[in-house]
Amino acid sequence: MYRILHREDLTPNTHLLRIDAPAVARKAQAGQFVIVMIDEVGERIPLTIADWDRAEGSITVVFMEVGKTTQKLATLHAGDSLHAFIGPLGKPTEIENVGTVACVAGGFAIAVIMPIARALREAGNRIISIMGFRNKDLVFWEDELMAVSDELIVTTDDGSYGRKGLVTEPLRELLETNKDVKRVIAIGPTVMMKFASRTTEPFGVKTIVSLNPIMVDGTGMCGCCRVEVGGKTRFTCVDGPDFDGHLVDWDLLITRQSIYLDEEKRTLDIWSKQQVGVTGCSII
Amino acid sequence: MTEKIKINLNRVSMPKQEPEVRAHNFNEVAQGYTLEMAMEEAIRCIQCKKRPCVPGCPVDIDIPGFIQAIKDGDMPEAVRIMKDKNALPGICGRVCPQETQCEEVCTLAKKGAPIAIGRLERFVADWERKAPDSAVSRGGGRGGFSLPTGRINSPLPFNKSAGKKGSPEGSPRRVAVVGSGPAGLTAAAELAKMGHQVTLFEALHVPGGVLVYGIPEFRLPKEIVREEVEYVKSLGVDLRLNSVIGKIETVDELLAEGYDAVFLGTGAGLPMFLNCPGENLNGIYSANEFLTRTNLMKSYLFPEYDTPIKRSKRVAVIGGGNVAMDSARCALRLGAEEVYIVYRRSRKELPARLEEVENAEEEGIVFKFLTNPKRFIGNDQGWVTGMECYEMELGEPDESGRRRPIIKTGSEFIIDVDMVIVALGTTPNPLIPSTTDGLETTRRGTVVADEETGKTVKDRVWAGGDVVTGAATVISAMGAAKRAAADIDAYLRGL
Ligand SMILES: Cc1cc2nc3c(=O)[nH]c(=O)nc-3n(C[C@H](O)[C@H](O)[C@H](O)COP(=O)(O)OP(=O)(O)OC[C@H]3O[C@@H](n4cnc5c(N)ncnc54)[C@H](O)[C@@H]3O)c2cc1C
Ligand SMILES: Cc1cc2nc3c(=O)[nH]c(=O)nc-3n(C[C@H](O)[C@H](O)[C@H](O)COP(=O)(O)OP(=O)(O)OC[C@H]3O[C@@H](n4cnc5c(N)ncnc54)[C@H](O)[C@@H]3O)c2cc1C
Ligand code: SF4
Ligand code: SF4
Ligand code: FES
């Protein structure tokens, strides 16, 4: 069993968990992920390692509530335990000194780009970060990301905070004005990564994305996570999750992410109804 | 003058769930012999002096011996003889391809009615499981037998009393066993009984390897695997789940951190695809994914269990081995109306266990022999809707000795399907070779190890099972693990 040491709500639907997993903490590197199972009947879901503390023996993950498993995960508190916690999986992000790197993140991915930005900076790069949210209420970790960046741009879709618009606009301006940007790291929702890659392509700036297909084992055994990169089939869990965004077949990834939409909706509906019952009881 | 023995050629059949019924549930298909049936079958054995059946078994079970014990009604003795050589009889009795092993060489096979050795083995294992607190399972008492403590070359499998006794002189040696499939479980149990301190690392959250993630409940109830694993743990084996070696720790780190030897039983878990157009369409699964979702994650019980699986109407399974049969029969049980097995050779070359081919046919699975896919066809939403296939014919034998399938030109035709399961076989996962210094692998990705001892070219590292042979059988993986355990023991005693 893997105990939750600490929980924090970063926004109403984005949560942080620090989990007791010394063996994983010993090896974790920026860009890797873990597979989490809440209980015996649970799904195995991948979550990126947002931070680690080798001395304490803990791993931090940050997740956004989307379906049943992440909503169920959001009901857990410090002191609760997870059924399974497997990692560190996937290849670490390549950390090298290229000069200036733009780190672009959307939503929950602010947390997962943190260790990458930090490592890149420690390797001597200048870091320009761009973080995007839907609105002001969802903004988190502005100071934290600033602490590992040389420059920071915040956007919201509705303009309620920072610049109005999508992250791709400041990204394009940056590439137009700053010829030193030698690499872009883009992490977030699939559509955001797709358009960030489209934006950088004409500039010929290498763009690394962290893909998030549906997974089962996370060790290269099932082939569920296969994506096409440069016309070749690759397994995200062992060949990635980082890939060259200019070579990814985005539409295939988006299609494959929708395989279980009906089932996900069904199981979430059943679960939500049960939750209403549960809260109802506890109020009485 | 030899007296003519009267031979009874009426093989006692095993009760099974009716095909129409079992096609809709995941309960075990074959129900096992009753004591009367087992006796009746055992009596048919003519106790051949030359014991031709024994060399047919990769772990050398004293087959006439345990059958005689059944005849005598001495079940504890039958269990003792069985467990002397085989750790997992409840599993092997159910999944061994007996018709190409022990039963193939039974004297009565020539008359078309070999003794049902596998069924009898299963009966003995099930008898022991059901016997509450059986003296045999505690390794002493009632049967009045005593077993020699583990010695090299007579590794004394699965005698519980031999447990932690018989430690080699000096401090116990530490062995890391990687992978908890049949190979890893066997190696861990053998080494623990020899008195060594064994840690068993498993990547998944459940131990058992293919026995839990691949082979379905209706062929091998998971409860049986769970009990066998509990037994291995009871020998003092420290099981660490959720531990991917190569990630959480490398083999070299294990060796540096105080393990004296490492046994690799990591199987052949990497699925192969056809590399033909459309293979990544929605609705096209590797057999590993389909079976892992269904069996390991129990998605046949969705939404009670959280992991979903698609339930489709017309399913094509590509391949002809056990994996293909299992996939097809799972798809049927998940509600498919039409399930095809698409195989590029003919019936004669099917590599699956005969019993499972027959079961599949009875359940209504349709075999399309001499057929091979050319490409997959999808709709606008990216879901598979059809499969274009070639007709094949058989040419000259290839290096495997089987006749090579050749495409008939202009023979293309389309099968309408809404799900495809690719069951073409697997190769070892490159994770361990790629993170370990000095391990030699073949072009097929298998780890090079001595056939007799399991020793790899790397100092203090042994390997056995599918990771060495490529996808094979449960019993061959166990045989290899036993030989490796004996060699590891010899090495550790020399330290
Ligand atoms: C390598 C990797 C790292 C990840 N890291 C994080 C992380 O750090 N934090 C985090 O919040 N999420 C992360 N994800 C995504 C996370 O795994 C999914 O959000 C989660 O599996 C959804 O499970 P669910 O049961 O709650 O939702 P589901 O019911 O499975 O899905 C609900 C909705 O989310 C979509 N969805 C399902 N799976 C994914 C997916 N893998 N990616 C994107 N959308 C999906 C579905 O299409 C559906 O619309 C990561 C995914 C991968 C592959
Ligand atoms: C669907 C299916 C049906 C089959 N049916 C039959 C049958 O009827 N009869 C028969 O005799 N054989 C059958 N087989 C073949 C048989 O199951 C295998 O030959 C046998 O399981 C091989 O045993 P193994 O211990 O070598 O490997 P596996 O059973 O594959 O076990 C390997 C274990 O190692 C773990 N592992 C891998 N890498 C790592 C790592 N880096 N760190 C930690 N752990 C790791 C895996 O998770 C797994 O648990 C079938 C196979 C399949 C897939
Ligand atoms: S273990 Fe397999 S090969 Fe050996 S006797 Fe039993 S069924 Fe036959
Ligand atoms: S070969 Fe057949 S008949 Fe002869 S001893 Fe073995 S099982 Fe019995
Ligand atoms: S998640 Fe199974 S192979 Fe990647």
# chains A, B, ... in the order shown; residues from 1 in each chain; ligands from 1
call {"tool": "residues_around", "arguments": {"residues": "stretch 140-149 of chain A", "least_positions_apart": "4", "cutoff": "6 Å", "atoms": "only C-alpha atoms", "output": "MDAnalysis selection string"}}
result
chainID A and resid 118 127:128
call {"tool": "residues_around", "arguments": {"residues": "B:Asn86", "least_positions_apart": "3", "cutoff": "7 Å", "atoms": "only C-alpha atoms", "output": "ChimeraX atom specification"}}
result
/B:59,61,82-83,89,157
call {"tool": "residues_near_ligand", "arguments": {"ligand": "ligand 5", "cutoff": "9 Å", "atoms": "only C-alpha atoms and all ligand atoms", "output": "list in words"}}
result
Pro46, Pro213, Ile214, Met215, Val216, Asp217, Gly218, Thr219, Gly220, Met221, Cys222, Gly223, Cys224, Cys225, Arg226, Phe235, Thr236, Cys237, Val238 and Asp239 of chain A; Leu270, Pro271, Asn288 and Glu289 of chain B
call {"tool": "residues_around", "arguments": {"residues": "A:Ala186", "least_positions_apart": "5", "cutoff": "9 Å", "atoms": "only C-alpha atoms", "output": "ChimeraX atom specification"}}
result
/A:102-106,113,192-193,196-197,207-210,245
call {"tool": "interface_residues", "arguments": {"of": "chain A", "to": "chain B", "cutoff": "7 Å", "atoms": "only C-alpha atoms", "output": "JSON, numbers by chain"}}
result
{"A": [23, 24, 27, 41, 42, 43, 84, 85, 86, 87, 88, 89, 220, 221, 222, 223, 224, 255, 256, 259, 260, 263, 267]}
call {"tool": "residues_near_ligand", "arguments": {"ligand": "ligand 3", "cutoff": "9 Å", "atoms": "only C-alpha atoms and all ligand atoms", "output": "compact mmCIF listing (two decimals) with N, CA and C atoms, in the first residue's frame"}}
result
# COMPACT_ATOMS: atom_id res chain seq x y z
N CYS B 53 5.80 -42.71 -21.06
CA CYS B 53 5.14 -41.42 -20.82
C CYS B 53 6.03 -40.44 -20.06
N VAL B 54 6.89 -40.96 -19.19
CA VAL B 54 7.65 -40.07 -18.31
C VAL B 54 8.57 -39.10 -19.06
N PRO B 55 9.37 -39.60 -20.03
CA PRO B 55 10.20 -38.62 -20.76
C PRO B 55 9.38 -37.61 -21.55
N GLY B 56 8.11 -37.87 -21.75
CA GLY B 56 7.25 -36.90 -22.45
C GLY B 56 6.92 -35.69 -21.60
N CYS B 57 7.21 -35.79 -20.31
CA CYS B 57 6.90 -34.68 -19.41
C CYS B 57 8.17 -33.88 -19.12
N PRO B 58 8.17 -32.59 -19.41
CA PRO B 58 9.38 -31.78 -19.21
C PRO B 58 9.88 -31.73 -17.77
N VAL B 59 9.02 -32.07 -16.78
CA VAL B 59 9.54 -32.07 -15.41
C VAL B 59 9.57 -33.48 -14.82
N ASP B 60 9.51 -34.48 -15.71
CA ASP B 60 9.74 -35.88 -15.28
C ASP B 60 8.82 -36.39 -14.19
N ILE B 61 7.58 -36.07 -14.24
CA ILE B 61 6.66 -36.60 -13.22
C ILE B 61 6.62 -38.13 -13.34
N ASP B 62 6.59 -38.82 -12.20
CA ASP B 62 6.46 -40.28 -12.19
C ASP B 62 5.00 -40.60 -12.49
N ILE B 63 4.69 -40.58 -13.77
CA ILE B 63 3.29 -40.70 -14.19
C ILE B 63 2.67 -42.05 -13.80
N MET B 82 3.23 -36.44 -7.25
CA MET B 82 3.06 -35.31 -8.16
C MET B 82 3.92 -34.13 -7.74
N LYS B 85 7.73 -33.52 -8.21
CA LYS B 85 8.32 -32.98 -9.44
C LYS B 85 7.64 -31.73 -9.96
N ASN B 86 6.39 -31.52 -9.58
CA ASN B 86 5.68 -30.40 -10.19
C ASN B 86 5.03 -29.49 -9.15
N LEU B 88 3.13 -26.86 -9.72
CA LEU B 88 1.85 -26.24 -10.06
C LEU B 88 0.94 -27.23 -10.80
N PRO B 89 0.62 -28.37 -10.17
CA PRO B 89 -0.15 -29.38 -10.90
C PRO B 89 -1.56 -28.92 -11.27
N ILE B 91 -2.37 -26.11 -12.24
CA ILE B 91 -2.23 -25.28 -13.43
C ILE B 91 -1.87 -26.15 -14.64
N CYS B 92 -0.84 -26.99 -14.49
CA CYS B 92 -0.40 -27.82 -15.62
C CYS B 92 -1.48 -28.80 -16.08
N GLY B 93 -2.17 -29.39 -15.13
CA GLY B 93 -3.23 -30.33 -15.51
C GLY B 93 -4.28 -29.67 -16.38
N ARG B 94 -4.40 -28.35 -16.24
CA ARG B 94 -5.40 -27.62 -17.02
C ARG B 94 -4.85 -27.07 -18.34
N VAL B 95 -3.59 -26.66 -18.35
CA VAL B 95 -3.13 -25.93 -19.54
C VAL B 95 -2.00 -26.59 -20.34
N CYS B 96 -1.42 -27.69 -19.85
CA CYS B 96 -0.37 -28.34 -20.64
C CYS B 96 -0.93 -28.84 -21.96
N PRO B 97 -0.16 -28.70 -23.05
CA PRO B 97 -0.58 -29.33 -24.31
C PRO B 97 -0.25 -30.82 -24.25
N GLN B 98 -1.02 -31.56 -23.47
CA GLN B 98 -0.67 -32.97 -23.21
C GLN B 98 -0.53 -33.79 -24.50
N GLU B 99 -1.35 -33.46 -25.50
CA GLU B 99 -1.35 -34.31 -26.70
C GLU B 99 -0.02 -34.28 -27.44
N THR B 100 0.81 -33.26 -27.14
CA THR B 100 2.13 -33.26 -27.79
C THR B 100 3.21 -33.55 -26.77
N GLN B 101 2.83 -33.86 -25.52
CA GLN B 101 3.83 -34.17 -24.51
C GLN B 101 3.58 -35.57 -23.96
N CYS B 102 3.26 -35.67 -22.68
CA CYS B 102 3.15 -36.98 -22.04
C CYS B 102 2.15 -37.92 -22.74
N GLU B 103 1.02 -37.38 -23.18
CA GLU B 103 0.00 -38.27 -23.75
C GLU B 103 0.36 -38.74 -25.15
N ALA B 116 -5.62 -40.27 -20.01
CA ALA B 116 -5.84 -38.82 -19.86
C ALA B 116 -5.00 -38.32 -18.69
N ILE B 117 -3.70 -38.23 -18.91
CA ILE B 117 -2.76 -37.92 -17.83
C ILE B 117 -3.02 -36.52 -17.25
N GLY B 118 -3.27 -35.57 -18.15
CA GLY B 118 -3.53 -34.20 -17.69
C GLY B 118 -4.76 -34.13 -16.80
N ARG B 119 -5.82 -34.82 -17.22
CA ARG B 119 -7.05 -34.78 -16.42
C ARG B 119 -6.84 -35.41 -15.05
N LEU B 120 -6.04 -36.49 -15.02
CA LEU B 120 -5.77 -37.15 -13.75
C LEU B 120 -4.91 -36.24 -12.86
N GLU B 121 -3.98 -35.55 -13.50
CA GLU B 121 -3.12 -34.63 -12.74
C GLU B 121 -3.97 -33.53 -12.11
N ARG B 122 -4.86 -32.99 -12.91
CA ARG B 122 -5.76 -31.96 -12.41
C ARG B 122 -6.60 -32.51 -11.26
N VAL B 474 3.89 -23.33 -20.36
CA VAL B 474 4.02 -23.22 -18.91
C VAL B 474 5.02 -24.25 -18.40
N ILE B 475 4.84 -25.49 -18.83
CA ILE B 475 5.66 -26.55 -18.27
C ILE B 475 7.11 -26.44 -18.74
N SER B 476 7.35 -25.96 -19.95
CA SER B 476 8.75 -25.82 -20.38
C SER B 476 9.42 -24.69 -19.61
call {"tool": "select_by_dssp", "arguments": {"residues": "stretch 66-274 of chain A", "states": "strand (DSSP E)", "output": "JSON, numbers by chain"}}
result
{"A": [81, 82, 84, 85, 86, 87, 88, 89, 100, 101, 102, 103, 104, 105, 106, 126, 127, 128, 129, 130, 131, 132, 133, 151, 152, 153, 154, 155, 156, 163, 164, 181, 182, 183, 184, 185, 186, 187, 206, 207, 208, 209, 210, 226, 227, 228, 229, 232, 233, 234, 235, 242, 243, 244]}
call {"tool": "residues_near_ligand", "arguments": {"ligand": "ligand 4", "cutoff": "8 Å", "atoms": "only C-alpha atoms and all ligand atoms", "output": "list in words"}}
result
Arg44, Cys45, Ile46, Gln47, Cys48, Lys49, Lys50, Arg51, Pro52, Cys53, Val54, Ile63, Pro64, Ile67, Cys102, Glu103, Val105, Cys106, Thr107, Leu108, Ala109, Pro114, Ile115, Ala116 and Ile117 of chain B
call {"tool": "residues_near_ligand", "arguments": {"ligand": "ligand 1", "cutoff": "8 Å", "atoms": "only C-alpha atoms and all ligand atoms", "output": "ChimeraX atom specification"}}
result
/A:14,32-34,43-50,61-72,90,108-109,111-112,189-190,210-215,225,236-237,241,257-261,263-265,267-268
call {"tool": "closest_residue", "arguments": {"among": "B:Met14, B:Ala328, B:Ile415, B:Ala188", "to": "B:Ser234", "atoms": "only C-alpha atoms"}}
result
B:Ala188
call {"tool": "atom_distance", "arguments": {"atom1": "atom CA of B:Pro207", "atom2": "atom CA of B:Ser180"}}
result
5.5 Å
call {"tool": "residues_around", "arguments": {"residues": "B:Val457", "least_positions_apart": "5", "cutoff": "8 Å", "atoms": "only C-alpha atoms", "output": "PyMOL selection string"}}
result
chain B and resi 438-440+448-449
call {"tool": "residues_around", "arguments": {"residues": "B:Glu41", "least_positions_apart": "3", "cutoff": "7 Å", "atoms": "only C-alpha atoms", "output": "PyMOL selection string"}}
result
chain B and resi 11-12+37-38+44
call {"tool": "select_by_dssp", "arguments": {"residues": "stretch 84-215 of chain A", "states": "helix (DSSP H, G or I)", "output": "VMD selection string"}}
result
chain A and resid 109 to 122 136 to 138 142 to 147 168 to 177 190 to 203
call {"tool": "decode", "arguments": {"residues": "stretch 18-30 of chain A", "atoms": "all heavy atoms", "output": "PDB file, in the first residue's frame"}}
result
ATOM      1  N   ARG A  18       0.985  13.970  -2.391  1.00  0.00           N
ATOM      2  CA  ARG A  18       2.355  13.534  -2.157  1.00  0.00           C
ATOM      3  C   ARG A  18       2.252  12.143  -1.565  1.00  0.00           C
ATOM      4  O   ARG A  18       1.539  11.946  -0.579  1.00  0.00           O
ATOM      5  CB  ARG A  18       3.072  14.498  -1.220  1.00  0.00           C
ATOM      6  CG  ARG A  18       4.582  14.449  -1.400  1.00  0.00           C
ATOM      7  CD  ARG A  18       5.273  15.634  -0.760  1.00  0.00           C
ATOM      8  NE  ARG A  18       5.348  15.421   0.677  1.00  0.00           N
ATOM      9  CZ  ARG A  18       4.900  16.284   1.581  1.00  0.00           C
ATOM     10  NH1 ARG A  18       4.359  17.414   1.200  1.00  0.00           N
ATOM     11  NH2 ARG A  18       4.995  16.013   2.871  1.00  0.00           N
ATOM     12  N   ILE A  19       2.925  11.190  -2.200  1.00  0.00           N
ATOM     13  CA  ILE A  19       2.721   9.780  -1.856  1.00  0.00           C
ATOM     14  C   ILE A  19       4.017   9.139  -1.392  1.00  0.00           C
ATOM     15  O   ILE A  19       5.089   9.393  -1.939  1.00  0.00           O
ATOM     16  CB  ILE A  19       2.133   9.053  -3.078  1.00  0.00           C
ATOM     17  CG1 ILE A  19       0.706   9.572  -3.315  1.00  0.00           C
ATOM     18  CG2 ILE A  19       2.094   7.539  -2.892  1.00  0.00           C
ATOM     19  CD1 ILE A  19       0.339   9.708  -4.728  1.00  0.00           C
ATOM     20  N   ASP A  20       3.874   8.283  -0.391  1.00  0.00           N
ATOM     21  CA  ASP A  20       5.015   7.587   0.180  1.00  0.00           C
ATOM     22  C   ASP A  20       5.419   6.446  -0.762  1.00  0.00           C
ATOM     23  O   ASP A  20       4.702   5.453  -0.880  1.00  0.00           O
ATOM     24  CB  ASP A  20       4.589   7.026   1.545  1.00  0.00           C
ATOM     25  CG  ASP A  20       5.725   6.311   2.238  1.00  0.00           C
ATOM     26  OD1 ASP A  20       6.860   6.822   2.189  1.00  0.00           O
ATOM     27  OD2 ASP A  20       5.478   5.241   2.829  1.00  0.00           O
ATOM     28  N   ALA A  21       6.541   6.599  -1.458  1.00  0.00           N
ATOM     29  CA  ALA A  21       6.997   5.576  -2.410  1.00  0.00           C
ATOM     30  C   ALA A  21       8.509   5.712  -2.562  1.00  0.00           C
ATOM     31  O   ALA A  21       9.015   6.165  -3.590  1.00  0.00           O
ATOM     32  CB  ALA A  21       6.290   5.756  -3.755  1.00  0.00           C
ATOM     33  N   PRO A  22       9.253   5.318  -1.528  1.00  0.00           N
ATOM     34  CA  PRO A  22      10.703   5.578  -1.505  1.00  0.00           C
ATOM     35  C   PRO A  22      11.455   4.990  -2.691  1.00  0.00           C
ATOM     36  O   PRO A  22      12.348   5.642  -3.243  1.00  0.00           O
ATOM     37  CB  PRO A  22      11.167   4.904  -0.202  1.00  0.00           C
ATOM     38  CG  PRO A  22       9.948   4.501   0.543  1.00  0.00           C
ATOM     39  CD  PRO A  22       8.769   4.624  -0.334  1.00  0.00           C
ATOM     40  N   ALA A  23      11.087   3.783  -3.102  1.00  0.00           N
ATOM     41  CA  ALA A  23      11.829   3.147  -4.191  1.00  0.00           C
ATOM     42  C   ALA A  23      11.657   3.924  -5.494  1.00  0.00           C
ATOM     43  O   ALA A  23      12.582   4.037  -6.296  1.00  0.00           O
ATOM     44  CB  ALA A  23      11.380   1.702  -4.360  1.00  0.00           C
ATOM     45  N   VAL A  24      10.453   4.463  -5.723  1.00  0.00           N
ATOM     46  CA  VAL A  24      10.219   5.245  -6.937  1.00  0.00           C
ATOM     47  C   VAL A  24      10.947   6.585  -6.836  1.00  0.00           C
ATOM     48  O   VAL A  24      11.576   7.044  -7.790  1.00  0.00           O
ATOM     49  CB  VAL A  24       8.703   5.469  -7.173  1.00  0.00           C
ATOM     50  CG1 VAL A  24       8.464   6.181  -8.495  1.00  0.00           C
ATOM     51  CG2 VAL A  24       7.940   4.142  -7.124  1.00  0.00           C
ATOM     52  N   ALA A  25      10.889   7.181  -5.632  1.00  0.00           N
ATOM     53  CA  ALA A  25      11.516   8.495  -5.420  1.00  0.00           C
ATOM     54  C   ALA A  25      13.025   8.436  -5.671  1.00  0.00           C
ATOM     55  O   ALA A  25      13.622   9.377  -6.172  1.00  0.00           O
ATOM     56  CB  ALA A  25      11.234   8.986  -4.006  1.00  0.00           C
ATOM     57  N   ARG A  26      13.606   7.301  -5.333  1.00  0.00           N
ATOM     58  CA  ARG A  26      15.045   7.149  -5.484  1.00  0.00           C
ATOM     59  C   ARG A  26      15.479   7.309  -6.950  1.00  0.00           C
ATOM     60  O   ARG A  26      16.580   7.735  -7.242  1.00  0.00           O
ATOM     61  CB  ARG A  26      15.426   5.740  -5.016  1.00  0.00           C
ATOM     62  CG  ARG A  26      16.684   5.687  -4.207  1.00  0.00           C
ATOM     63  CD  ARG A  26      16.684   4.566  -3.185  1.00  0.00           C
ATOM     64  NE  ARG A  26      16.338   3.277  -3.744  1.00  0.00           N
ATOM     65  CZ  ARG A  26      17.216   2.289  -3.952  1.00  0.00           C
ATOM     66  NH1 ARG A  26      18.475   2.463  -3.692  1.00  0.00           N
ATOM     67  NH2 ARG A  26      16.810   1.147  -4.430  1.00  0.00           N
ATOM     68  N   LYS A  27      14.597   6.929  -7.877  1.00  0.00           N
ATOM     69  CA  LYS A  27      14.974   6.884  -9.286  1.00  0.00           C
ATOM     70  C   LYS A  27      14.303   7.926 -10.172  1.00  0.00           C
ATOM     71  O   LYS A  27      14.656   8.064 -11.335  1.00  0.00           O
ATOM     72  CB  LYS A  27      14.633   5.491  -9.849  1.00  0.00           C
ATOM     73  CG  LYS A  27      15.615   4.414  -9.446  1.00  0.00           C
ATOM     74  CD  LYS A  27      17.008   4.804  -9.918  1.00  0.00           C
ATOM     75  CE  LYS A  27      18.043   3.762  -9.609  1.00  0.00           C
ATOM     76  NZ  LYS A  27      17.886   2.558 -10.381  1.00  0.00           N
ATOM     77  N   ALA A  28      13.289   8.623  -9.637  1.00  0.00           N
ATOM     78  CA  ALA A  28      12.486   9.503 -10.478  1.00  0.00           C
ATOM     79  C   ALA A  28      13.322  10.571 -11.175  1.00  0.00           C
ATOM     80  O   ALA A  28      14.258  11.120 -10.597  1.00  0.00           O
ATOM     81  CB  ALA A  28      11.412  10.166  -9.628  1.00  0.00           C
ATOM     82  N   GLN A  29      12.988  10.830 -12.441  1.00  0.00           N
ATOM     83  CA  GLN A  29      13.622  11.926 -13.178  1.00  0.00           C
ATOM     84  C   GLN A  29      12.550  12.713 -13.916  1.00  0.00           C
ATOM     85  O   GLN A  29      11.478  12.196 -14.193  1.00  0.00           O
ATOM     86  CB  GLN A  29      14.620  11.368 -14.190  1.00  0.00           C
ATOM     87  CG  GLN A  29      15.838  10.716 -13.548  1.00  0.00           C
ATOM     88  CD  GLN A  29      16.774  10.190 -14.609  1.00  0.00           C
ATOM     89  OE1 GLN A  29      17.349  10.957 -15.357  1.00  0.00           O
ATOM     90  NE2 GLN A  29      16.915   8.884 -14.680  1.00  0.00           N
ATOM     91  N   ALA A  30      12.901  13.947 -14.256  1.00  0.00           N
ATOM     92  CA  ALA A  30      11.953  14.833 -14.922  1.00  0.00           C
ATOM     93  C   ALA A  30      11.422  14.194 -16.204  1.00  0.00           C
ATOM     94  O   ALA A  30      12.191  13.665 -16.998  1.00  0.00           O
ATOM     95  CB  ALA A  30      12.611  16.168 -15.231  1.00  0.00           C
TER      96      ALA A  30
END
